[in-house]
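Note sheet for the following structure.
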Amino acid sequence: MGVRGARLGILHSDIYRTQAQAIIQAHLNLPPDRRSYLAVLLPFVTFGAEVSALREILDVPSDSGIMLGAMIETPEAVFRSPEIANEVDFLSVGTNDLLQFCLAMSRDDVASALIPTYIAEKLVDDDPVTHLDRSASAIGLLRLMTDLTPGVPWGICGEHAADSSSLRALLPLDPAYVSVSAAGMVCTRVEIGRHRAIQFLRNEQSR
């Protein structure tokens with residue numbers, strides 16, 4: 001919660017404008033054959049109008065080849081995902097924040113006493129903050145988002161992309177990409193490979 005992400009960019013536009021100009025100029029200073037894929041991701045977006053205002057602040061040239069994305073990190077943003085998607089090239093789901101808002105539990109709350117006590121008292125089967133699929137609302141919200149924005153590329157950004165049970169629930173929703181820290185890459189690649197193998201076998205059996 002609080003003034004961060006897109007909200008900070010709206011209230012203090014010079015911060016975002018300066019950063020964007022530096023990124024855009026560095027990209028355009030390269031010869032065209034040396035430019036790599038570049039995407040600017042707007043964090044903690046809630047309303048489509050926020051993205052529209054930030055597009056004007058960033059002023060990304062239409063011929064620059066730079067993609068613009070928005071991070072979906074609150075339940076409100078999920079319900080407003082169609083209006084947000086109309087303003088960007090892709091969506092990125094920040095699973096860490098989304099899950100914390102769904103549970104009304106921050107990591108500081110649960111790390112020391114709350115969840116270990118709940119597990120010991122058998123109030124929950126497993127840690128719902130670590131395992132996205134243990135939340136009754138998070139996966140449902142992501143299913144809703146994909147239903148509301150058919151054809152819009154989206155991905156996962158958060159440590160749940162390195163958790164096996166979370167990935168098994170997320171990959172059937174067909175994300176275009178997953179983003180995870182280096183420490184989690186092996187687990188992520190194993191689960192993606194497993195998911196693709198299952199899909200291949202199902203396709204073969206249906207022939």
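A note on labels: chains of the structure tokens are A, B, ... as shown, every chain counts residues from 1, and ligands are counted from 1 in their shown order.
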Skipping near chain neighbours, those fewer than 3 positions away, what residues fall within 7 Å of stretch 39-53 of chain A using only C-alpha atoms, listed as a list in words?
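The filter keeps Gly5, Ala6, Glu56, Ile57, Ile66, Met67, Leu68, Gly69, Ala70, Met71, Ile72, Glu73, Glu76, Ala77, Arg80, Glu83, Ile84 and Glu87 of chain A.
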Give me a file of those residues, with N, CA, C and O atoms, as an mmCIF file, in the first residue's frame.
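So again_25.cif came out as:
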data_model
loop_
_atom_site.group_PDB
_atom_site.id
_atom_site.type_symbol
_atom_site.label_atom_id
_atom_site.label_comp_id
_atom_site.auth_asym_id
_atom_site.auth_seq_id
_atom_site.Cartn_x
_atom_site.Cartn_y
_atom_site.Cartn_z
ATOM 1 N N GLY A 5 5.187 3.005 -6.937
ATOM 2 C CA GLY A 5 4.856 2.565 -8.278
ATOM 3 C C GLY A 5 4.257 3.673 -9.115
ATOM 4 O O GLY A 5 4.737 4.814 -9.121
ATOM 5 N N ALA A 6 3.180 3.351 -9.822
ATOM 6 C CA ALA A 6 2.535 4.315 -10.704
ATOM 7 C C ALA A 6 2.065 5.545 -9.938
ATOM 8 O O ALA A 6 2.087 6.664 -10.467
ATOM 9 N N GLU A 56 1.856 9.746 -21.284
ATOM 10 C CA GLU A 56 2.168 11.120 -21.662
ATOM 11 C C GLU A 56 3.422 11.609 -20.954
ATOM 12 O O GLU A 56 4.241 12.321 -21.540
ATOM 13 N N ILE A 57 3.582 11.211 -19.687
ATOM 14 C CA ILE A 57 4.764 11.623 -18.929
ATOM 15 C C ILE A 57 6.025 10.988 -19.505
ATOM 16 O O ILE A 57 7.045 11.647 -19.691
ATOM 17 N N ILE A 66 10.098 0.320 -28.379
ATOM 18 C CA ILE A 66 10.038 0.029 -26.944
ATOM 19 C C ILE A 66 8.612 -0.362 -26.562
ATOM 20 O O ILE A 66 7.656 0.338 -26.899
ATOM 21 N N MET A 67 8.482 -1.495 -25.884
ATOM 22 C CA MET A 67 7.182 -1.974 -25.428
ATOM 23 C C MET A 67 6.868 -1.388 -24.062
ATOM 24 O O MET A 67 7.779 -1.104 -23.274
ATOM 25 N N LEU A 68 5.602 -1.243 -23.767
ATOM 26 C CA LEU A 68 5.172 -0.725 -22.468
ATOM 27 C C LEU A 68 4.238 -1.740 -21.818
ATOM 28 O O LEU A 68 3.293 -2.224 -22.444
ATOM 29 N N GLY A 69 4.538 -2.063 -20.551
ATOM 30 C CA GLY A 69 3.714 -3.012 -19.818
ATOM 31 C C GLY A 69 3.250 -2.439 -18.501
ATOM 32 O O GLY A 69 3.752 -1.417 -18.030
ATOM 33 N N ALA A 70 2.277 -3.097 -17.889
ATOM 34 C CA ALA A 70 1.742 -2.676 -16.594
ATOM 35 C C ALA A 70 1.709 -3.864 -15.647
ATOM 36 O O ALA A 70 1.339 -4.965 -16.043
ATOM 37 N N MET A 71 2.072 -3.621 -14.394
ATOM 38 C CA MET A 71 2.051 -4.667 -13.394
ATOM 39 C C MET A 71 0.706 -4.697 -12.689
ATOM 40 O O MET A 71 0.242 -3.685 -12.166
ATOM 41 N N ILE A 72 0.092 -5.865 -12.683
ATOM 42 C CA ILE A 72 -1.172 -6.098 -11.999
ATOM 43 C C ILE A 72 -0.846 -6.660 -10.622
ATOM 44 O O ILE A 72 -0.384 -7.800 -10.499
ATOM 45 N N GLU A 73 -1.086 -5.845 -9.577
ATOM 46 C CA GLU A 73 -0.649 -6.249 -8.242
ATOM 47 C C GLU A 73 -1.729 -6.105 -7.177
ATOM 48 O O GLU A 73 -1.459 -6.364 -5.997
ATOM 49 N N GLU A 76 -8.161 -4.862 -7.379
ATOM 50 C CA GLU A 76 -8.820 -3.827 -8.184
ATOM 51 C C GLU A 76 -8.256 -3.794 -9.594
ATOM 52 O O GLU A 76 -9.006 -3.648 -10.582
ATOM 53 N N ALA A 77 -6.946 -3.928 -9.709
ATOM 54 C CA ALA A 77 -6.316 -3.919 -11.029
ATOM 55 C C ALA A 77 -6.759 -5.113 -11.868
ATOM 56 O O ALA A 77 -6.879 -5.011 -13.095
ATOM 57 N N ARG A 80 -10.031 -4.294 -13.294
ATOM 58 C CA ARG A 80 -9.875 -3.225 -14.280
ATOM 59 C C ARG A 80 -8.870 -3.596 -15.370
ATOM 60 O O ARG A 80 -8.463 -2.742 -16.156
ATOM 61 N N GLU A 83 -9.324 -2.216 -19.075
ATOM 62 C CA GLU A 83 -9.006 -0.809 -19.333
ATOM 63 C C GLU A 83 -7.503 -0.570 -19.236
ATOM 64 O O GLU A 83 -6.955 0.287 -19.951
ATOM 65 N N ILE A 84 -6.818 -1.330 -18.378
ATOM 66 C CA ILE A 84 -5.357 -1.207 -18.286
ATOM 67 C C ILE A 84 -4.709 -1.779 -19.543
ATOM 68 O O ILE A 84 -3.795 -1.179 -20.121
ATOM 69 N N GLU A 87 -4.140 0.219 -22.707
ATOM 70 C CA GLU A 87 -3.121 1.257 -22.715
ATOM 71 C C GLU A 87 -1.702 0.721 -22.882
ATOM 72 O O GLU A 87 -0.763 1.505 -23.028
#
Contacts between stretch 177-182 of chain A and stretch 105-169 of chain A, please, where a residue of stretch 105-169 of chain A counts if it comes within 9 Å (with only C-alpha atoms); show its shortest atom pair and distance in Å to one decimal, rows by chain and ascending number, as a Markdown table.
| residue | atom | partner | partner_atom | distance |
| --- | --- | --- | --- | --- |
| A:Pro153 | CA | A:Tyr177 | CA | 8.7 |
| A:Trp154 | CA | A:Tyr177 | CA | 7.1 |
| A:Gly155 | CA | A:Tyr177 | CA | 4.7 |
| A:Ile156 | CA | A:Val178 | CA | 4.7 |
| A:Cys157 | CA | A:Ser179 | CA | 4.8 |
| A:Gly158 | CA | A:Val180 | CA | 6.1 |
| A:Glu159 | CA | A:Val180 | CA | 5.9 |
| A:His160 | CA | A:Val180 | CA | 8.1 |
| A:Ala161 | CA | A:Val180 | CA | 5.9 |
| A:Ala162 | CA | A:Val180 | CA | 6.4 |
Selection near A:Asp133, 12 Å with only C-alpha atoms, sequence-local residues under 4 positions removed, as number ranges by chain
A: 95, 99, 125-129, 137-142, 160-161, 163-171
All alpha helix (DSSP H) residues (DSSP, backbone) inside stretch 4-207 of chain A, as a ChimeraX atom specification
/A:6-11,13-29,48-58,75-79,81-85,95-103,107-109,115-120,138-148,164-170,185-205
Shell around stretch 14-29 of chain A at 6 Å using only C-alpha atoms, local window under 2 positions removed, as a VMD selection string:
chain A and resid 9 12 57 to 58
Closest of A:Leu201, A:Ala104, A:Ile115, A:Leu144 to A:Ser81 - atom-to-atom distances counting only C-alpha atoms
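Smallest separation from A:Ser81 among the options: A:Leu144.
Within stretch 8-204 of chain A, the backbone-based DSSP assignment of strand (DSSP E or B) covers Ala39, Val40, Leu41, Leu42, Pro43, Phe44, Val45, Met67, Leu68, Gly69, Ala70, Met71, Ile72, Phe90, Leu91, Ser92, Val93, Gly94, Trp154, Gly155, Ile156, Cys157, Tyr177, Val178 and Ser179 of chain A.
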Requested write-out: C-alpha atoms of the selected residues, as a compact mmCIF listing (two decimals), in the first residue's frame:
# COMPACT_ATOMS: atom_id res chain seq x y z
CA ALA A 39 10.20 -3.10 -22.42
CA VAL A 40 9.33 -0.50 -19.80
CA LEU A 41 7.18 -1.91 -17.01
CA LEU A 42 4.91 0.37 -14.98
CA PRO A 43 4.60 -1.01 -11.43
CA PHE A 44 1.64 -1.02 -9.06
CA VAL A 45 -0.93 0.16 -11.60
CA MET A 67 7.18 -1.97 -25.43
CA LEU A 68 5.17 -0.72 -22.47
CA GLY A 69 3.71 -3.01 -19.82
CA ALA A 70 1.74 -2.68 -16.59
CA MET A 71 2.05 -4.67 -13.39
CA ILE A 72 -1.17 -6.10 -12.00
CA PHE A 90 1.43 -6.58 -22.18
CA LEU A 91 0.56 -7.25 -18.55
CA SER A 92 2.76 -8.56 -15.76
CA VAL A 93 1.24 -10.03 -12.61
CA GLY A 94 3.16 -9.18 -9.43
CA TRP A 154 0.83 -11.56 -19.74
CA GLY A 155 3.41 -13.01 -17.44
CA ILE A 156 4.28 -13.71 -13.83
CA CYS A 157 6.73 -11.63 -11.85
CA TYR A 177 6.61 -15.68 -19.64
CA VAL A 178 7.67 -16.10 -16.03
CA SER A 179 10.22 -13.92 -14.27
Could you jot down the atom CA of A:Ser206 to atom CA of A:Val152 separation for me, Å, one decimal place?
27.3 Å
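Among the candidate residues A:Ile198, A:Cys187, A:Leu114, A:Cys102, the one lying nearest to A:Arg134 is A:Cys102, with distances computed using only C-alpha atoms.
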